[in-house]
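Shown here: protein-v1.cif, mmCIF, C-alpha atoms.
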data_structure
loop_
_atom_site.label_atom_id
_atom_site.label_comp_id
_atom_site.auth_asym_id
_atom_site.auth_seq_id
_atom_site.Cartn_x
_atom_site.Cartn_y
_atom_site.Cartn_z
CA MET W 1 -16.31 -12.88 7.21
CA THR W 2 -13.57 -10.29 6.98
CA THR W 3 -12.97 -7.74 4.24
CA HIS W 4 -9.33 -7.19 3.40
CA LEU W 5 -7.60 -4.69 1.14
CA ALA W 6 -4.69 -6.24 -0.73
CA LEU W 7 -2.13 -3.78 -2.08
CA LEU W 8 -0.22 -5.58 -4.81
CA ARG W 9 3.20 -4.11 -5.44
CA GLY W 10 4.44 -3.49 -8.94
CA ILE W 11 1.70 -4.72 -11.24
CA ASN W 12 0.82 -2.84 -14.42
CA VAL W 13 3.64 -0.33 -13.90
CA SER W 14 5.58 0.82 -16.97
CA GLY W 15 4.52 -2.26 -18.93
CA HIS W 16 5.78 -4.73 -16.30
CA ASN W 17 3.85 -7.51 -14.55
CA MET W 18 0.78 -6.85 -16.65
CA ILE W 19 -2.39 -8.35 -15.15
CA LYS W 20 -5.84 -7.40 -16.38
CA MET W 21 -8.17 -6.60 -13.51
CA ASP W 22 -10.89 -8.94 -14.78
CA ALA W 23 -8.37 -11.83 -14.85
CA LEU W 24 -7.20 -10.93 -11.33
CA GLN W 25 -10.79 -10.75 -10.12
CA LYS W 26 -11.59 -14.15 -11.65
CA MET W 27 -8.47 -15.69 -10.06
CA LEU W 28 -9.42 -14.33 -6.62
CA GLU W 29 -13.00 -15.55 -6.93
CA ASN W 30 -11.72 -19.00 -7.96
CA MET W 31 -9.67 -18.97 -4.73
CA GLY W 32 -12.92 -18.61 -2.78
CA PHE W 33 -12.83 -14.89 -2.07
CA THR W 34 -16.12 -13.02 -2.38
CA ASN W 35 -17.05 -9.37 -2.95
CA VAL W 36 -13.90 -8.89 -5.04
CA ALA W 37 -13.56 -5.24 -6.09
CA THR W 38 -10.60 -3.47 -7.68
CA TYR W 39 -9.63 0.17 -7.75
CA ILE W 40 -7.63 1.42 -10.73
CA GLN W 41 -5.18 -0.82 -12.56
CA SER W 42 -2.29 -0.66 -10.10
CA GLY W 43 -3.16 -3.50 -7.75
CA ASN W 44 -5.66 -2.32 -5.17
CA VAL W 45 -8.16 -5.09 -4.54
CA PHE W 46 -10.77 -5.76 -1.87
CA VAL W 47 -11.67 -9.34 -0.99
CA THR W 48 -13.93 -10.89 1.62
CA SER W 49 -12.78 -14.09 3.23
CA GLU W 50 -13.46 -16.40 6.14
CA GLU W 51 -9.73 -16.02 6.90
CA PRO W 52 -9.31 -13.19 9.43
CA ASP W 53 -5.50 -13.07 9.29
CA ALA W 54 -4.24 -10.43 6.83
CA ALA W 55 -0.78 -11.99 6.44
CA THR W 56 -2.28 -15.36 5.52
CA VAL W 57 -4.53 -13.75 2.91
CA GLY W 58 -1.57 -11.86 1.45
CA PHE W 59 0.58 -14.99 1.27
CA LYS W 60 -2.18 -16.96 -0.51
CA ILE W 61 -2.74 -14.14 -3.03
CA LYS W 62 1.00 -13.84 -3.71
CA GLN W 63 1.31 -17.61 -4.28
CA GLU W 64 -1.70 -17.75 -6.60
CA ILE W 65 -0.52 -14.77 -8.70
CA PHE W 66 2.80 -16.55 -9.21
CA LYS W 67 1.05 -19.79 -10.11
CA GLU W 68 -1.50 -18.13 -12.42
CA PHE W 69 0.54 -15.34 -14.05
CA GLY W 70 4.18 -16.18 -13.31
CA TYR W 71 4.90 -12.92 -11.46
CA ASP W 72 6.42 -12.59 -8.01
CA VAL W 73 4.12 -9.88 -6.67
CA PRO W 74 4.26 -8.97 -2.98
CA ALA W 75 0.88 -8.32 -1.37
CA ILE W 76 0.45 -6.14 1.69
CA VAL W 77 -2.98 -6.70 3.20
CA LEU W 78 -4.71 -4.08 5.32
CA GLY W 79 -7.89 -3.65 7.29
CA MET W 80 -10.15 -0.61 7.31
CA GLU W 81 -8.59 0.55 10.59
CA ASP W 82 -5.17 0.80 8.87
CA LEU W 83 -6.61 3.25 6.35
CA GLN W 84 -8.54 5.19 8.98
CA ASN W 85 -5.28 5.59 10.92
CA CYS W 86 -3.75 7.23 7.85
CA PHE W 87 -6.12 10.13 8.34
CA SER W 88 -5.78 10.43 12.09
CA ASN W 89 -2.01 9.88 12.28
CA ASN W 90 -0.61 11.59 9.17
CA PRO W 91 1.44 14.50 10.57
CA PHE W 92 1.50 16.28 7.22
CA LEU W 93 -2.29 16.71 7.21
CA LYS W 94 -1.95 18.94 10.27
CA GLU W 95 0.15 21.47 8.37
CA LYS W 96 -1.55 24.64 7.28
CA GLU W 97 -2.32 24.48 3.57
CA ALA W 98 -0.99 20.94 3.13
CA ASP W 99 -0.50 20.08 -0.55
CA LEU W 100 -2.27 16.72 -0.82
CA LYS W 101 -0.67 16.05 -4.21
CA LYS W 102 2.71 15.71 -2.49
CA LEU W 103 1.53 13.29 0.20
CA TYR W 104 2.13 9.55 -0.06
CA VAL W 105 1.94 6.56 2.24
CA ALA W 106 4.36 3.64 2.13
CA PHE W 107 2.61 0.59 3.53
CA VAL W 108 5.17 -1.87 4.89
CA SER W 109 5.12 -5.57 5.72
CA LYS W 110 6.04 -5.29 9.38
CA GLU W 111 5.51 -2.94 12.28
CA LEU W 112 8.27 -0.38 12.63
CA ARG W 113 9.72 1.35 15.65
CA SER W 114 10.00 5.13 15.66
CA ASP W 115 13.79 4.85 15.66
CA ASN W 116 13.65 3.08 12.26
CA ILE W 117 13.45 6.59 10.78
CA ASN W 118 17.20 6.80 11.49
CA ASP W 119 17.74 3.75 9.27
CA LEU W 120 16.16 5.62 6.37
CA LYS W 121 18.70 8.46 6.69
CA ILE W 122 15.91 10.85 5.76
CA SER W 123 18.20 13.87 6.16
CA GLN W 124 19.82 12.83 2.86
CA PHE W 125 16.53 13.49 1.09
CA LYS W 126 15.77 17.01 2.28
CA PRO W 127 13.50 18.73 1.47
CA ASP W 128 11.51 15.46 1.26
CA GLU W 129 10.11 14.43 4.66
CA ALA W 130 8.98 11.17 6.22
CA GLN W 131 7.42 10.00 9.49
CA ILE W 132 6.96 6.43 10.68
CA ASP W 133 3.72 5.18 12.21
CA LYS W 134 3.66 1.43 12.92
CA ASN W 135 3.13 -0.26 9.53
CA LYS W 136 3.13 2.98 7.54
CA ILE W 137 5.59 5.65 6.49
CA PHE W 138 4.01 9.00 5.75
CA ILE W 139 5.94 10.82 3.03
CA LYS W 140 5.82 14.40 1.81
CA TYR W 141 7.76 14.84 -1.42
CA ALA W 142 9.04 18.35 -2.07
CA VAL W 143 8.95 18.04 -5.86
CA GLY W 144 7.27 14.74 -6.61
CA ALA W 145 7.47 10.97 -6.33
CA GLY W 146 9.18 10.63 -9.70
CA LYS W 147 12.06 12.89 -8.74
CA THR W 148 13.22 11.39 -5.45
CA ARG W 149 15.45 8.56 -4.35
CA LEU W 150 13.20 8.03 -1.30
CA ASP W 151 11.17 5.41 -3.12
CA GLN W 152 9.84 1.92 -2.51
CA LYS W 153 13.12 0.20 -3.47
CA TYR W 154 15.15 2.42 -1.16
CA ILE W 155 12.73 1.87 1.76
CA GLU W 156 12.78 -1.89 1.24
CA LYS W 157 16.58 -2.03 1.10
CA LYS W 158 17.18 0.17 4.15
CA LEU W 159 14.53 -1.45 6.36
CA ASN W 160 14.72 -5.02 5.00
CA LEU W 161 11.00 -5.42 4.36
CA THR W 162 8.36 -5.24 1.64
CA ALA W 163 6.80 -1.86 0.87
CA THR W 164 4.29 -0.43 -1.55
CA ILE W 165 3.51 3.26 -1.91
CA ARG W 166 0.19 4.91 -2.67
CA ASN W 167 -0.54 8.59 -3.27
CA TRP W 168 -2.93 10.41 -0.97
CA ASN W 169 -5.73 10.50 -3.54
CA THR W 170 -5.63 6.71 -3.80
CA VAL W 171 -5.57 6.28 0.00
CA THR W 172 -8.60 8.58 0.26
CA ASN W 173 -10.54 6.69 -2.40
CA LEU W 174 -9.66 3.29 -0.92
CA LEU W 175 -10.98 4.34 2.48
CA LYS W 176 -14.16 5.63 0.85
CA MET W 177 -14.61 2.26 -0.88
CA TYR W 178 -13.94 0.42 2.37
CA GLU W 179 -16.58 2.47 4.15
CA ASP W 180 -19.00 1.87 1.29
CA SER W 181 -21.47 -0.87 2.19
CA LYS W 182 -20.44 -2.84 -0.90
CA VAL W 183 -17.05 -3.80 0.56
CA SER W 184 -17.51 -3.59 4.32
#
Whole structure, structure tokens version:
Amino acid sequence: MTTHLALLRGINVSGHNMIKMDALQKMLENMGFTNVATYIQSGNVFVTSEEPDAATVGFKIKQEIFKEFGYDVPAIVLGMEDLQNCFSNNPFLKEKEADLKKLYVAFVSKELRSDNINDLKISQFKPDEAQIDKNKIFIKYAVGAGKTRLDQKYIEKKLNLTATIRNWNTVTNLLKMYEDSKVS
């Protein structure tokens, strides 16, 4: 059995794609997933499955959400190692007095090359900063996520992939949940 973390993009945001967590949990359990646990209302859900492949799990969840709720919701599925790598590979954590409230991680649907940073034209977003690490983009917003054009839609358009962004507090809490015996 494998525990997966599904990051659902764009549910319960600004009144769009509204899905109650208990309805989502019931749907996932009806699909055969066990140990279903959600974190906050924005589409962070742990599931345990006999299916080891993250992409397959994500595809099945996306299909079922469309069937059940009528929403086209991308799902990026991660393992615990992906979250652990956020802590060991985030270059902004190494800065003296890093402001954790300005740190975000964009989880993307395919592995990136380091030269993909050029495709983002990050220099246009100064003083915002970004660094690529495989299937993640570490972001440090100068002012805040709500005041930048370096957002999920921009990343998806420039890199031709699916992305979903989580703030550092959420990433921290998701790893803690993953390490908790209830979802490992």
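Nearest residue to Phe138 of chain W among W:Phe69, W:Tyr39, W:Tyr178, W:Phe92 is W:Phe92, counting only C-alpha atoms.
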Selection dump of the PyMOL selection byres ((chain W and resi 114-121) around 12), as a ChimeraX atom specification:
/W:110-113,122-126,128-139,149-161
What do you get, as a PDB file with C-alpha atoms, in the coordinates of the input, if you spell out every residue that the PyMOL selection byres ((chain W and resi 22-27) around 10) selects here?
ATOM      1  CA  ILE W  19      -2.390  -8.350 -15.150  1.00  0.00           C
ATOM      2  CA  LYS W  20      -5.840  -7.400 -16.380  1.00  0.00           C
ATOM      3  CA  MET W  21      -8.170  -6.600 -13.510  1.00  0.00           C
ATOM      4  CA  LEU W  28      -9.420 -14.330  -6.620  1.00  0.00           C
ATOM      5  CA  GLU W  29     -13.000 -15.550  -6.930  1.00  0.00           C
ATOM      6  CA  ASN W  30     -11.720 -19.000  -7.960  1.00  0.00           C
ATOM      7  CA  MET W  31      -9.670 -18.970  -4.730  1.00  0.00           C
ATOM      8  CA  GLY W  32     -12.920 -18.610  -2.780  1.00  0.00           C
ATOM      9  CA  PHE W  33     -12.830 -14.890  -2.070  1.00  0.00           C
ATOM     10  CA  THR W  34     -16.120 -13.020  -2.380  1.00  0.00           C
ATOM     11  CA  ASN W  35     -17.050  -9.370  -2.950  1.00  0.00           C
ATOM     12  CA  VAL W  36     -13.900  -8.890  -5.040  1.00  0.00           C
ATOM     13  CA  ALA W  37     -13.560  -5.240  -6.090  1.00  0.00           C
ATOM     14  CA  THR W  38     -10.600  -3.470  -7.680  1.00  0.00           C
ATOM     15  CA  GLY W  43      -3.160  -3.500  -7.750  1.00  0.00           C
ATOM     16  CA  VAL W  45      -8.160  -5.090  -4.540  1.00  0.00           C
ATOM     17  CA  PHE W  46     -10.770  -5.760  -1.870  1.00  0.00           C
ATOM     18  CA  VAL W  47     -11.670  -9.340  -0.990  1.00  0.00           C
ATOM     19  CA  ILE W  61      -2.740 -14.140  -3.030  1.00  0.00           C
ATOM     20  CA  GLU W  64      -1.700 -17.750  -6.600  1.00  0.00           C
ATOM     21  CA  ILE W  65      -0.520 -14.770  -8.700  1.00  0.00           C
ATOM     22  CA  GLU W  68      -1.500 -18.130 -12.420  1.00  0.00           C
ATOM     23  CA  PHE W  69       0.540 -15.340 -14.050  1.00  0.00           C
TER      24      PHE W  69
END
How close does each residue of segment 128-172 of chain W get to segment 77-81 of chain W, giving the shortest atom pair and distance in Å to one decimal for every residue with an atom at most 12 Å away, counting all atoms listed in the file, sorted by chain and residue number, as JSON lines?
{"residue": "W:Asn135", "atom": "CA", "partner": "W:Leu78", "partner_atom": "CA", "distance": 9.7}
{"residue": "W:Lys136", "atom": "CA", "partner": "W:Leu78", "partner_atom": "CA", "distance": 10.8}
{"residue": "W:Thr162", "atom": "CA", "partner": "W:Val77", "partner_atom": "CA", "distance": 11.5}
{"residue": "W:Ala163", "atom": "CA", "partner": "W:Val77", "partner_atom": "CA", "distance": 11.2}
{"residue": "W:Thr164", "atom": "CA", "partner": "W:Val77", "partner_atom": "CA", "distance": 10.7}
{"residue": "W:Val171", "atom": "CA", "partner": "W:Met80", "partner_atom": "CA", "distance": 11.0}
{"residue": "W:Thr172", "atom": "CA", "partner": "W:Met80", "partner_atom": "CA", "distance": 11.7}
Would you export the selected residues with C-alpha atoms as a compact mmCIF listing (two decimals), keeping the file's coordinate frame, please?
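The result, written out as out_15.txt:
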# COMPACT_ATOMS: atom_id res chain seq x y z
CA ASN W 135 3.13 -0.26 9.53
CA LYS W 136 3.13 2.98 7.54
CA THR W 162 8.36 -5.24 1.64
CA ALA W 163 6.80 -1.86 0.87
CA THR W 164 4.29 -0.43 -1.55
CA VAL W 171 -5.57 6.28 0.00
CA THR W 172 -8.60 8.58 0.26
Between W:Leu83, W:Leu174, W:Ile165, W:Ala6, which residue has the minimum interatomic distance to Ala54 of chain W, considering only C-alpha atoms?
W:Ala6
Fewer than 3 positions away in the same chain doesn't count, so skip those; otherwise give me all residues within 12 Å of Gly70 of chain W, counting only C-alpha atoms, as number ranges by chain.
W: 11, 16-19, 62-67, 73
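For the pair atom CA of Phe107 of chain W and atom CA of Glu50 of chain W, the interatomic distance is 23.5 Å.
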Pick out the closest residue to Ala75 of chain W from this set: W:Lys101, W:His4, W:Lys140, W:Lys96. Count all atoms listed in the file.
W:His4
Using the file's own x, y and z axes, so that the box edges lie along x, y and z, what centre and edge lengths in Å (one decimal) does a box around every listed atom of segment 51-62 of chain W get when 8 Å is added on each side? Give it as lines of an AutoDock Vina configuration file.
center_x = -4.4
center_y = -13.7
center_z = 2.9
size_x = 26.7
size_y = 22.5
size_z = 29.1
How far is it from atom CA of Leu8 of chain W to atom CA of Ala98 of chain W, in Å with one decimal?
27.7 Å
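Atom pair atom CA of Phe59 of chain W / atom CA of Thr2 of chain W has a distance of 16.0 Å (rounded to one decimal).
The closest residue to Val105 of chain W, picked from W:Leu175, W:Leu5, W:Arg166, W:Glu51 and counting only C-alpha atoms, is W:Arg166.
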